[in-house]
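**Q** Just one file: upload14.txt, with compact mmCIF, C-alpha atoms and all ligand atoms.
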```
# COMPACT_ATOMS: atom_id res chain seq x y z
CA MET V 1 120.45 76.10 75.06
CA SER V 2 120.07 72.46 74.19
CA THR V 3 122.54 69.94 75.51
CA LEU V 4 124.52 67.65 73.25
CA GLU V 5 122.37 64.80 74.54
CA ASP V 6 119.19 66.59 73.38
CA LEU V 7 120.71 67.41 70.03
CA ASP V 8 121.81 63.82 69.57
CA ARG V 9 118.29 62.57 70.34
CA ARG V 10 116.91 65.00 67.79
CA VAL V 11 119.20 64.31 64.81
CA MET V 12 121.23 61.14 65.23
CA TRP V 13 120.58 57.54 64.20
CA HIS V 14 123.15 55.20 65.81
CA PRO V 15 124.41 51.88 64.43
CA PHE V 16 123.10 48.61 65.89
CA THR V 17 121.05 50.68 68.35
CA GLN V 18 117.34 50.58 69.20
CA MET V 19 116.85 54.34 69.13
CA ALA V 20 113.54 54.06 71.04
CA GLU V 21 115.52 52.98 74.12
CA TRP V 22 118.68 55.01 73.52
CA GLU V 23 120.47 56.85 76.32
CA PRO V 24 123.27 59.08 74.99
CA LEU V 25 126.67 59.03 76.68
CA VAL V 26 128.88 61.75 75.23
CA ILE V 27 132.59 60.94 75.11
CA GLU V 28 134.80 63.98 75.25
CA ARG V 29 138.31 62.59 75.23
CA GLY V 30 140.48 59.55 75.57
CA ASP V 31 143.41 58.96 77.90
CA GLY V 32 145.34 55.71 77.51
CA ASN V 33 142.99 52.80 78.13
CA TYR V 34 140.28 55.17 79.42
CA LEU V 35 137.52 57.28 77.92
CA VAL V 36 136.27 60.44 79.63
CA ASP V 37 132.66 61.63 79.24
CA SER V 38 131.27 65.17 79.11
CA HIS V 39 130.76 65.13 82.91
CA GLY V 40 134.40 64.23 83.50
CA ARG V 41 133.68 60.59 84.41
CA ARG V 42 136.37 58.06 83.44
CA TYR V 43 135.68 54.61 82.03
CA LEU V 44 137.98 51.77 81.08
CA ASP V 45 137.44 51.18 77.34
CA GLY V 46 136.60 47.48 77.81
CA VAL V 47 135.78 46.85 74.14
CA SER V 48 138.54 48.98 72.59
CA SER V 49 136.00 51.30 70.94
CA LEU V 50 134.37 48.39 69.11
CA TRP V 51 137.43 46.16 68.91
CA CYS V 52 139.76 48.51 67.04
CA ASN V 53 141.90 50.29 69.61
CA VAL V 54 145.32 48.69 70.08
CA HIS V 55 147.64 50.96 72.09
CA GLY V 56 145.14 53.04 74.07
CA HIS V 57 143.82 56.51 73.25
CA ASN V 58 145.77 59.69 72.68
CA HIS V 59 149.06 57.85 72.28
CA PRO V 60 151.93 60.34 71.88
CA ARG V 61 153.67 58.38 69.12
CA LEU V 62 150.50 57.84 67.08
CA ASN V 63 149.51 61.48 67.59
CA ARG V 64 152.91 62.61 66.36
CA ALA V 65 152.77 60.38 63.25
CA LEU V 66 149.31 61.77 62.47
CA ARG V 67 150.34 65.42 62.93
CA GLU V 68 153.47 65.02 60.81
CA GLN V 69 151.44 63.60 57.94
CA LEU V 70 148.74 66.23 58.42
CA ASP V 71 151.33 68.94 57.77
CA ARG V 72 152.13 67.27 54.41
CA VAL V 73 148.76 66.23 52.96
CA ALA V 74 145.53 64.92 54.52
CA HIS V 75 144.29 63.08 51.47
CA SER V 76 145.29 62.37 47.91
CA THR V 77 143.77 59.59 45.81
CA PHE V 78 145.32 56.15 45.23
CA LEU V 79 143.48 55.85 41.89
CA GLY V 80 146.30 56.61 39.49
CA LEU V 81 148.55 58.28 42.10
CA THR V 82 150.53 56.98 45.04
CA HIS V 83 152.16 58.27 48.24
CA GLU V 84 154.83 57.40 50.79
CA PRO V 85 152.70 56.38 53.81
CA GLY V 86 150.62 54.05 51.62
CA ILE V 87 153.70 52.43 50.08
CA ARG V 88 155.59 52.10 53.36
CA LEU V 89 152.66 50.62 55.25
CA GLY V 90 151.99 48.22 52.36
CA ALA V 91 155.58 46.98 52.48
CA ALA V 92 155.39 46.60 56.28
CA LEU V 93 152.14 44.61 56.02
CA VAL V 94 153.64 42.25 53.42
CA GLU V 95 156.64 41.80 55.69
CA ALA V 96 154.44 41.07 58.74
CA ALA V 97 151.90 38.83 56.99
CA PRO V 98 152.23 35.08 56.40
CA ALA V 99 154.64 34.20 53.57
CA GLY V 100 153.18 34.34 50.08
CA LEU V 101 150.89 37.33 50.66
CA THR V 102 152.68 39.88 48.53
CA ARG V 103 150.04 42.34 47.27
CA VAL V 104 148.10 44.94 49.24
CA PHE V 105 144.78 46.44 48.15
CA TYR V 106 143.55 49.19 50.49
CA SER V 107 140.04 50.20 51.42
CA ASP V 108 138.41 51.71 54.50
CA SER V 109 136.45 49.16 56.55
CA GLY V 110 136.36 45.49 57.42
CA SER V 111 133.28 45.04 55.24
CA THR V 112 135.03 46.46 52.20
CA ALA V 113 138.17 44.40 52.91
CA VAL V 114 135.99 41.27 52.75
CA GLU V 115 134.01 42.42 49.68
CA ILE V 116 137.26 43.07 47.85
CA ALA V 117 138.51 39.55 48.62
CA LEU V 118 135.19 38.07 47.41
CA LYS V 119 135.30 40.08 44.19
CA GLN V 120 139.00 39.46 43.52
CA SER V 121 138.58 35.73 44.08
CA PHE V 122 135.54 35.64 41.80
CA GLN V 123 137.23 37.67 39.07
CA TYR V 124 140.41 35.59 39.35
CA TRP V 125 138.49 32.43 38.45
CA GLN V 126 136.64 34.22 35.64
CA LEU V 127 139.96 35.43 34.23
CA ARG V 128 141.36 31.91 34.46
CA GLY V 129 138.44 30.59 32.40
CA ARG V 130 136.71 28.92 35.33
CA ALA V 131 133.36 30.61 34.77
CA THR V 132 131.36 28.10 36.84
CA LYS V 133 133.17 29.03 40.07
CA GLN V 134 130.57 31.41 41.48
CA ARG V 135 129.68 30.34 45.02
CA PHE V 136 131.23 30.95 48.43
CA LEU V 137 131.53 28.62 51.39
CA ARG V 138 131.26 30.06 54.90
CA LEU V 139 130.78 28.94 58.48
CA GLY V 140 127.52 28.98 60.38
CA GLU V 141 127.20 32.07 62.62
CA ALA V 142 129.86 33.82 60.50
CA TYR V 143 130.23 37.59 60.60
CA HIS V 144 132.15 39.45 57.92
CA GLY V 145 130.56 42.92 57.90
CA ASP V 146 127.35 44.74 57.09
CA THR V 147 127.50 45.70 53.41
CA LEU V 148 125.49 43.38 51.17
CA GLY V 149 128.40 41.33 49.81
CA ALA V 150 129.74 40.76 53.31
CA VAL V 151 126.24 39.97 54.64
CA GLY V 152 125.98 37.37 51.85
CA VAL V 153 128.74 35.36 53.54
CA GLY V 154 127.37 36.04 57.03
CA GLY V 155 125.29 33.67 59.11
CA ILE V 156 124.03 35.49 62.19
CA ASP V 157 120.26 35.22 61.82
CA LEU V 158 119.52 38.22 64.01
CA PHE V 159 121.54 40.56 61.78
CA HIS V 160 121.35 38.85 58.41
CA ARG V 161 118.11 36.98 57.84
CA ILE V 162 115.90 39.93 56.94
CA PHE V 163 118.22 40.81 54.05
CA GLY V 164 118.14 37.28 52.59
CA PRO V 165 116.33 38.21 49.37
CA LEU V 166 119.00 40.81 48.54
CA LEU V 167 122.02 38.56 48.96
CA VAL V 168 124.48 36.48 47.03
CA GLN V 169 123.71 33.04 48.43
CA SER V 170 126.54 31.19 50.15
CA ILE V 171 126.87 27.60 51.37
CA ALA V 172 127.05 27.27 55.16
CA LEU V 173 129.18 24.72 57.00
CA PRO V 174 128.42 24.08 60.66
CA SER V 175 130.78 26.05 62.90
CA PRO V 176 133.52 23.84 64.38
CA ALA V 177 132.97 25.67 67.68
CA LEU V 178 129.47 24.16 67.86
CA VAL V 179 129.77 20.71 66.22
CA GLY V 180 133.49 19.97 66.65
CA ALA V 181 136.29 20.13 64.12
CA ALA V 182 135.73 16.64 62.70
CA GLU V 183 132.11 17.18 61.68
CA SER V 184 132.76 20.66 60.28
CA LEU V 185 135.76 19.41 58.26
CA ASP V 186 133.78 16.41 56.99
CA ARG V 187 131.11 18.76 55.68
CA LEU V 188 133.76 20.95 54.10
CA GLU V 189 135.32 17.96 52.35
CA GLN V 190 131.91 16.72 51.16
CA GLU V 191 131.09 20.11 49.65
CA LEU V 192 134.48 20.38 48.00
CA ALA V 193 134.32 16.83 46.63
CA ALA V 194 130.79 17.40 45.29
CA ARG V 195 131.18 20.87 43.78
CA ALA V 196 134.67 22.40 43.95
CA GLY V 197 134.13 23.35 40.30
CA GLU V 198 131.36 25.75 41.39
CA ILE V 199 133.12 27.13 44.45
CA THR V 200 135.21 30.27 44.47
CA ALA V 201 136.46 30.41 48.06
CA LEU V 202 135.94 29.47 51.68
CA VAL V 203 135.66 32.52 53.95
CA VAL V 204 136.62 32.10 57.62
CA GLU V 205 137.42 34.03 60.77
CA PRO V 206 140.57 32.31 62.10
CA LEU V 207 140.71 30.67 65.58
CA ILE V 208 137.66 32.51 66.94
CA GLN V 209 134.34 33.78 65.56
CA GLY V 210 133.92 37.17 67.21
CA ALA V 211 130.46 38.60 66.57
CA ALA V 212 128.96 35.09 66.81
CA GLY V 213 129.62 35.36 70.57
CA MET V 214 133.36 34.67 70.82
CA LEU V 215 133.17 31.07 69.58
CA VAL V 216 136.63 29.53 69.85
CA HIS V 217 137.55 26.94 67.21
CA PRO V 218 139.25 23.68 68.10
CA ARG V 219 142.99 23.86 67.40
CA GLY V 220 143.91 22.57 63.96
CA PHE V 221 140.66 23.48 62.25
CA LEU V 222 142.17 26.40 60.35
CA ALA V 223 145.23 24.46 59.17
CA ARG V 224 143.14 21.50 58.03
CA SER V 225 140.61 23.66 56.16
CA ALA V 226 143.51 25.42 54.43
CA GLU V 227 144.87 22.03 53.29
CA LEU V 228 141.47 20.96 51.97
CA CYS V 229 140.96 24.22 50.06
CA ARG V 230 144.38 23.87 48.47
CA ALA V 231 143.77 20.23 47.53
CA TYR V 232 140.48 21.06 45.80
CA GLY V 233 141.57 24.30 44.09
CA VAL V 234 139.38 26.66 46.13
CA HIS V 235 140.66 29.93 47.58
CA LEU V 236 140.91 30.47 51.33
CA ILE V 237 139.87 33.96 52.45
CA VAL V 238 140.90 34.61 56.05
CA ASP V 239 139.09 37.49 57.73
CA GLU V 240 141.46 38.85 60.40
CA VAL V 241 139.52 42.09 60.78
CA ALA V 242 138.93 41.32 64.48
CA THR V 243 141.85 38.97 65.22
CA GLY V 244 144.65 40.89 63.49
CA PHE V 245 147.31 43.10 65.06
CA GLY V 246 148.06 41.18 68.23
CA ARG V 247 144.54 40.41 69.45
CA THR V 248 145.06 36.66 69.71
CA GLY V 249 148.62 36.88 71.08
CA THR V 250 150.45 36.87 67.73
CA VAL V 251 150.49 39.65 65.13
CA PHE V 252 148.10 37.57 63.00
CA ALA V 253 146.03 34.58 64.15
CA CYS V 254 147.03 32.62 61.00
CA GLU V 255 150.57 32.35 62.37
CA GLN V 256 149.41 30.07 65.17
CA GLU V 257 148.48 27.36 62.67
CA GLU V 258 151.14 28.25 60.10
CA VAL V 259 148.49 29.05 57.52
CA SER V 260 149.16 31.22 54.47
CA PRO V 261 145.78 31.99 52.95
CA ASP V 262 145.09 33.25 49.42
CA PHE V 263 143.49 36.39 50.84
CA LEU V 264 143.96 38.11 54.21
CA CYS V 265 141.42 40.78 55.22
CA LEU V 266 142.58 43.42 57.70
CA ALA V 267 140.84 46.46 59.22
CA LYS V 268 139.83 47.40 62.82
CA GLY V 269 143.30 47.57 64.50
CA ILE V 270 145.28 48.34 61.34
CA ALA V 271 145.59 52.05 62.16
CA GLY V 272 145.67 51.51 65.92
CA GLY V 273 141.96 52.34 66.10
CA TYR V 274 142.59 55.95 65.10
CA LEU V 275 141.21 56.19 61.57
CA PRO V 276 139.22 54.08 59.10
CA LEU V 277 141.56 51.93 57.04
CA ALA V 278 141.53 48.38 55.69
CA ALA V 279 143.66 46.15 53.50
CA THR V 280 143.09 42.99 51.51
CA LEU V 281 146.31 41.08 50.95
CA SER V 282 146.64 38.48 48.21
CA THR V 283 149.25 36.35 46.46
CA GLU V 284 151.39 37.06 43.43
CA GLU V 285 149.56 34.33 41.53
CA ILE V 286 146.21 36.04 42.04
CA TYR V 287 147.65 39.44 41.21
CA GLU V 288 149.23 38.21 37.99
CA ALA V 289 145.92 36.92 36.63
CA PHE V 290 144.75 40.54 36.46
CA LEU V 291 147.72 41.69 34.34
CA GLY V 292 147.51 42.41 30.60
CA PRO V 293 147.21 45.32 28.18
CA ARG V 294 144.74 47.98 29.31
CA SER V 295 142.52 47.10 26.34
CA ALA V 296 142.07 43.54 27.68
CA LEU V 297 140.03 45.04 30.57
CA LYS V 298 141.37 42.53 33.05
CA HIS V 299 142.00 45.07 35.79
CA PHE V 300 140.15 45.09 39.05
CA PHE V 301 137.36 47.66 38.69
CA HIS V 302 136.94 48.56 42.33
CA GLY V 303 138.07 51.44 44.53
CA HIS V 304 136.87 53.85 47.18
CA THR V 305 137.38 57.60 47.37
CA PHE V 306 139.35 57.30 50.61
CA THR V 307 141.35 54.20 49.61
CA ALA V 308 144.78 54.39 51.31
CA ASN V 309 144.07 57.65 53.13
CA PRO V 310 147.57 58.99 53.92
CA LEU V 311 146.75 60.04 57.49
CA ALA V 312 145.45 56.55 58.29
CA CYS V 313 148.44 54.90 56.58
CA ALA V 314 150.93 57.06 58.50
CA VAL V 315 149.30 56.10 61.79
CA GLY V 316 149.14 52.46 60.67
CA LEU V 317 152.87 52.36 60.03
CA GLU V 318 153.65 53.76 63.48
CA SER V 319 151.07 51.47 65.07
CA LEU V 320 152.67 48.35 63.59
CA ALA V 321 156.11 49.44 64.83
CA LEU V 322 154.72 50.10 68.31
CA LEU V 323 152.96 46.73 68.33
CA ARG V 324 156.24 44.92 67.72
CA GLU V 325 158.36 47.08 70.02
CA GLU V 326 156.16 46.89 73.10
CA THR V 327 152.42 46.35 72.84
CA LEU V 328 152.41 42.74 71.64
CA ALA V 329 154.66 41.63 74.51
CA ASN V 330 152.34 43.35 77.00
CA ALA V 331 149.30 41.62 75.48
CA GLN V 332 151.04 38.26 75.71
CA ARG V 333 151.80 38.87 79.41
CA GLN V 334 148.15 39.72 80.09
CA VAL V 335 146.66 36.64 78.41
CA ALA V 336 147.35 34.34 81.39
CA ARG V 337 146.07 36.95 83.86
CA VAL V 338 142.85 37.31 81.90
CA ALA V 339 142.49 33.52 82.00
CA SER V 340 142.73 33.60 85.83
CA SER V 341 140.09 36.34 85.99
CA LEU V 342 137.79 34.26 83.81
CA GLU V 343 138.29 31.22 85.97
CA ARG V 344 137.03 33.24 88.94
CA LEU V 345 134.10 34.76 87.04
CA GLY V 346 133.16 31.33 85.71
CA GLN V 347 132.27 30.35 89.30
CA LEU V 348 129.43 32.92 89.47
CA THR V 349 125.97 31.36 89.40
CA GLY V 350 124.84 33.67 86.57
CA VAL V 351 127.68 32.59 84.27
CA LYS V 352 127.15 29.69 81.89
CA ALA V 353 130.57 29.60 80.19
CA THR V 354 133.65 31.69 79.55
CA ARG V 355 135.70 31.68 76.35
CA GLN V 356 139.04 33.26 75.49
CA CYS V 357 141.46 33.53 72.61
CA GLY V 358 144.28 35.92 73.47
CA LEU V 359 142.61 39.19 74.48
CA MET V 360 139.26 38.29 72.90
CA VAL V 361 136.86 37.16 75.60
CA GLY V 362 133.23 36.08 75.89
CA ILE V 363 131.42 35.60 79.20
CA GLU V 364 128.16 33.81 78.44
CA LEU V 365 125.36 34.35 80.93
CA VAL V 366 122.74 31.80 81.90
CA PRO V 367 119.81 33.05 79.80
CA ARG V 368 116.57 34.25 81.38
CA GLU V 369 113.22 34.35 79.61
CA SER V 370 112.57 37.77 78.02
CA ARG V 371 115.44 39.58 79.76
CA PRO V 372 118.31 41.03 77.73
CA LEU V 373 120.88 40.10 80.36
CA GLY V 374 123.89 41.11 78.27
CA VAL V 375 122.54 44.64 77.88
CA GLU V 376 121.61 44.83 81.57
CA VAL V 377 125.08 43.76 82.70
CA CYS V 378 126.81 46.20 80.36
CA GLU V 379 124.61 49.08 81.52
CA ARG V 380 125.53 48.28 85.12
CA ALA V 381 129.22 48.05 84.25
CA ARG V 382 129.15 51.68 83.17
CA ARG V 383 128.20 52.71 86.69
CA HIS V 384 131.22 50.76 87.89
CA GLY V 385 133.53 52.57 85.48
CA VAL V 386 133.82 50.23 82.51
CA ILE V 387 132.43 50.53 78.97
CA LEU V 388 131.24 47.16 77.69
CA ARG V 389 128.99 46.08 74.84
CA PRO V 390 127.39 42.63 74.72
CA LEU V 391 126.61 40.15 71.95
CA GLY V 392 123.21 38.82 73.03
CA ASP V 393 123.75 36.98 76.34
CA VAL V 394 127.52 37.17 75.94
CA VAL V 395 129.44 39.93 77.74
CA VAL V 396 132.49 40.78 75.63
CA TRP V 397 135.92 41.84 76.86
CA MET V 398 138.12 43.25 74.15
CA PRO V 399 140.43 45.65 76.04
CA PRO V 400 143.27 47.63 74.45
CA LEU V 401 146.43 45.50 74.21
CA THR V 402 148.09 48.00 76.57
CA LEU V 403 145.90 46.67 79.41
CA VAL V 404 147.77 46.68 82.75
CA ASP V 405 147.06 44.81 86.02
CA GLU V 406 145.03 47.64 87.60
CA ASP V 407 142.85 47.87 84.48
CA LEU V 408 142.18 44.15 84.56
CA ALA V 409 141.29 44.33 88.26
CA LEU V 410 138.78 47.08 87.46
CA LEU V 411 137.42 45.11 84.50
CA GLU V 412 136.98 41.93 86.53
CA GLY V 413 135.52 43.73 89.57
CA ALA V 414 133.03 45.77 87.54
CA THR V 415 131.95 42.72 85.56
CA ARG V 416 131.53 40.62 88.72
CA ARG V 417 129.45 43.26 90.52
CA SER V 418 127.33 43.87 87.44
CA ILE V 419 126.58 40.19 86.93
CA GLU V 420 125.79 39.72 90.62
CA GLU V 421 123.47 42.75 90.68
CA VAL V 422 121.65 41.79 87.49
CA CYS V 423 121.25 38.14 88.42
CA ALA V 424 119.96 38.98 91.91
CA ARG V 425 116.93 40.64 90.33
C1 LIG O 501 134.01 44.06 62.58
C2 LIG O 501 134.23 42.95 61.61
C3 LIG O 501 134.04 43.13 60.23
C4 LIG O 501 133.48 44.40 59.65
O1 LIG O 501 134.33 45.48 59.82
P1 LIG O 501 133.73 46.99 59.66
O2 LIG O 501 134.95 47.85 59.71
O3 LIG O 501 132.80 47.19 60.81
O4 LIG O 501 133.02 47.03 58.36
C5 LIG O 501 134.35 42.08 59.38
N1 LIG O 501 134.81 40.93 59.85
C6 LIG O 501 135.00 40.71 61.16
C7 LIG O 501 135.54 39.39 61.62
C8 LIG O 501 134.70 41.70 62.09
O5 LIG O 501 134.85 41.48 63.41
```
Go through the file and emit its structure as structure tokens.

**A**
Amino acid sequence: MSTLEDLDRRVMWHPFTQMAEWEPLVIERGDGNYLVDSHGRRYLDGVSSLWCNVHGHNHPRLNRALREQLDRVAHSTFLGLTHEPGIRLGAALVEAAPAGLTRVFYSDSGSTAVEIALKQSFQYWQLRGRATKQRFLRLGEAYHGDTLGAVGVGGIDLFHRIFGPLLVQSIALPSPALVGAAESLDRLEQELAARAGEITALVVEPLIQGAAGMLVHPRGFLARSAELCRAYGVHLIVDEVATGFGRTGTVFACEQEEVSPDFLCLAKGIAGGYLPLAATLSTEEIYEAFLGPRSALKHFFHGHTFTANPLACAVGLESLALLREETLANAQRQVARVASSLERLGQLTGVKATRQCGLMVGIELVPRESRPLGVEVCERARRHGVILRPLGDVVVWMPPLTLVDEDLALLEGATRRSIEEVCAR
């Protein structure tokens, strides 16, 4: 009889994984902030199952919301029909989002949430007779997903460069995390002054660029770029796929700079990390441009089979309630404790820098020639009971927002030992 590990090696192809060096770890169940493997070993889920888990695994309230919906209907289309969980979650998202975002378009991943914003922005300008507005602005090192439209506004060479010939070209601005807010904003203003008539939208991750290596923006950058976009008649698309739902210490990162974008892209934590769901929120002004008689063909010709999946929406509604009732307050309490942990880890000789925005953390290692230190540290951390996944030389912490003191102690201890062991070699 072949083991699951053997079977996996024989038939599977895993995302962002060099399969030639792949070692399967089979997860059997989840229990709060922990994952349990097929040998019964427990691990703290230090990256929230790729940044999406909010309230821990196997949460009784989320499980109940899912089961109750399952007994009604698992899926029914949103193309030409509607349903209660989709409507109720939509209303709750509008209520929670920055003022002015009044329309919700569902899809099923962060990449599609971004593609929808790009296409809606583009079509909006076409419908308004501004046919020359065809290009997007983005930040250097940006990450907005892996489908071709989203890759077209991405700037991580390692992931994106090979696909260059296939992409919609975008205009890159230097990331304010690398050159400072003033230089990045100057470049933005130059581009807008020179060619706002050709530009559809600026796409940004607010406060912190996640996949770039947890690059924290100087305060004020988001608010000032929003002002510039408004002044020059260019849309602002804010990608809160990673930062949304409490990650940065507020429900949405935009709140911290009182920014109301034209488009808000949500995914990852929207359904608590249980099921694939995404939403692109936009304003009434954008929505209204698409209205007219059916024969005018102004409608938005885009949709996915599993748009607004009712199971995911039911969990999303419960997840948002739970976030406001208890989880957000817990996350806020843990932010200062995480900062103290990072201050201690920052003293280690192998650590070059630490960065934090709420419960998004990067621990950058001093690089070593031809050694993938991030991978080595994360492999070690597993032996010490924590699941981590690096971004190059940056070790990422992205724990569930239900993190408690003992979890953080385990996370810090395992990371410290792993860095010490790897750097001693
Ligand atoms: C993860 C991520 C995406 C892509 O989301 P998927 O659900 O993986 O397609 C987009 N934008 C940001 C900022 C992300 O972190």

**Q** Write out as number ranges by chain which residues come within 12 Å of Ala142 of chain V when counting all atoms listed in the file, dropping same-chain ones fewer than 6 positions away.

**A** V: 150-160, 170-177, 202-206, 208-215, 238-239

**Q** Near Gly197 of chain V, within 8 Å and counting all atoms listed in the file, which residues show up once chain neighbours fewer than 3 positions away are dropped, as a ChimeraX atom specification?

**A** /V:130,132-133

**Q** Extract, using all atoms listed in the file, all DNA, RNA and protein residues at most 10 Å from Glu412 of chain V, discarding same-chain residues fewer than 2 positions from it, and format them as a list in words.

**A**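 Within the cut-off, the hits are Val338, Ser341, Leu342, Arg344, Leu345, Val386, Trp397, Glu406, Asp407, Leu408, Ala409, Leu410, Ala414, Thr415, Arg416, Arg417 and Ser418 of chain V.
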
**Q** When you count only C-alpha atoms, which of these residues is closest to Met360 of chain V: V:Tyr43, V:Glu141, V:Pro400, V:Pro372?

**A**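 Among V:Tyr43, V:Glu141, V:Pro400, V:Pro372, it is V:Pro400 that comes nearest to Met360 of chain V.
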
**Q** So how many Å separate atom C6 of ligand LIG 501 (chain O) and atom CA of Asp186 of chain V, to one decimal?

**A**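 According to the coordinates, atom C6 of ligand LIG 501 (chain O) and atom CA of Asp186 of chain V are separated by 24.7 Å.
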
**Q** Identify the residues around (154.9, 50.8, 76.6) within a radius of 12 Å, measuring from all atoms listed in the file in the coordinates stated by the file, and give them as a list in words.

**A**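 Residues found, by chain and rising number: Gly32, Val54, His55, Gly56, His59, Pro60, Arg61, Ala321, Leu322, Leu323, Arg324, Glu325, Glu326, Thr327, Leu328, Ala329, Asn330, Ala331, Leu401, Thr402, Leu403 and Val404 of chain V.
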
**Q** Restricted to C-alpha atoms, what would the selected residues look like written as a tab-separated table (two decimals), in the coordinates of the input?

**A**
```tsv
chain	number	residue	atom	x	y	z
V	32	GLY	CA	145.34	55.71	77.51
V	54	VAL	CA	145.32	48.69	70.08
V	55	HIS	CA	147.64	50.96	72.09
V	56	GLY	CA	145.14	53.04	74.07
V	59	HIS	CA	149.06	57.85	72.28
V	60	PRO	CA	151.93	60.34	71.88
V	61	ARG	CA	153.67	58.38	69.12
V	321	ALA	CA	156.11	49.44	64.83
V	322	LEU	CA	154.72	50.10	68.31
V	323	LEU	CA	152.96	46.73	68.33
V	324	ARG	CA	156.24	44.92	67.72
V	325	GLU	CA	158.36	47.08	70.02
V	326	GLU	CA	156.16	46.89	73.10
V	327	THR	CA	152.42	46.35	72.84
V	328	LEU	CA	152.41	42.74	71.64
V	329	ALA	CA	154.66	41.63	74.51
V	330	ASN	CA	152.34	43.35	77.00
V	331	ALA	CA	149.30	41.62	75.48
V	401	LEU	CA	146.43	45.50	74.21
V	402	THR	CA	148.09	48.00	76.57
V	403	LEU	CA	145.90	46.67	79.41
V	404	VAL	CA	147.77	46.68	82.75
```

**Q** Compile the contact shell of Ala279 of chain V as a count of residues only: residues with an atom at most 6 Å away, counting all atoms listed in the file, same-chain residues fewer than 2 positions apart removed.

**A** 5

**Q** As a PDB file with C-alpha atoms, in the coordinates of the input, please: every protein or nucleic acid residue near ligand LIG 501 (chain O) (cut-off 7 Å, counting all atoms listed in the file).

**A**
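That gives us part-v8.pdb:
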```
ATOM      1  CA  SER V 109     136.450  49.160  56.550  1.00  0.00           C
ATOM      2  CA  GLY V 110     136.360  45.490  57.420  1.00  0.00           C
ATOM      3  CA  SER V 111     133.280  45.040  55.240  1.00  0.00           C
ATOM      4  CA  THR V 112     135.030  46.460  52.200  1.00  0.00           C
ATOM      5  CA  VAL V 114     135.990  41.270  52.750  1.00  0.00           C
ATOM      6  CA  TYR V 143     130.230  37.590  60.600  1.00  0.00           C
ATOM      7  CA  HIS V 144     132.150  39.450  57.920  1.00  0.00           C
ATOM      8  CA  GLY V 145     130.560  42.920  57.900  1.00  0.00           C
ATOM      9  CA  ASP V 146     127.350  44.740  57.090  1.00  0.00           C
ATOM     10  CA  GLU V 205     137.420  34.030  60.770  1.00  0.00           C
ATOM     11  CA  GLN V 209     134.340  33.780  65.560  1.00  0.00           C
ATOM     12  CA  GLY V 210     133.920  37.170  67.210  1.00  0.00           C
ATOM     13  CA  ALA V 211     130.460  38.600  66.570  1.00  0.00           C
ATOM     14  CA  ASP V 239     139.090  37.490  57.730  1.00  0.00           C
ATOM     15  CA  GLU V 240     141.460  38.850  60.400  1.00  0.00           C
ATOM     16  CA  VAL V 241     139.520  42.090  60.780  1.00  0.00           C
ATOM     17  CA  ALA V 242     138.930  41.320  64.480  1.00  0.00           C
ATOM     18  CA  ALA V 267     140.840  46.460  59.220  1.00  0.00           C
ATOM     19  CA  LYS V 268     139.830  47.400  62.820  1.00  0.00           C
TER      20      LYS V 268
END
```

**Q** For Phe300 of chain V, which of V:Asn33, V:Gln123, V:Thr3, V:Gln334 is the closest residue, counting only C-alpha atoms?

**A**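 Among the listed residues, V:Gln123 lies closest to Phe300 of chain V.
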
**Q** In Å to one decimal, how far is atom CA of Ala99 of chain V from atom CA of Leu185 of chain V?

**A**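 These two atoms are separated by 24.4 Å.
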
**Q** When you count all atoms listed in the file, which of these residues is closest to Gly246 of chain V: V:Ala181, V:Ala96, V:Cys229, V:Ala381?

**A** V:Ala96

**Q** Which residues come within 10 Å of segment 13-30 of chain V, counting only C-alpha atoms, excluding same-chain residues fewer than 3 positions away, as a PyMOL selection string?

**A** chain V and resi 4-6+8-10+33-45+56-59+159

**Q** Which one is closest to Leu93 of chain V: V:Gly249, V:Pro261, V:Gly244, V:Pro390? Count all atoms listed in the file.

**A**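 Among the listed residues, the smallest separation from Leu93 of chain V belongs to V:Gly244.
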
**Q** For a quick check of your reading of the model, name the residues lying within 10 Å of the coordinate (149.3, 52.8, 53.1), counting all atoms listed in the file, and write them as a ChimeraX atom specification.

**A** /V:78,82-93,104-107,271,277-279,307-317
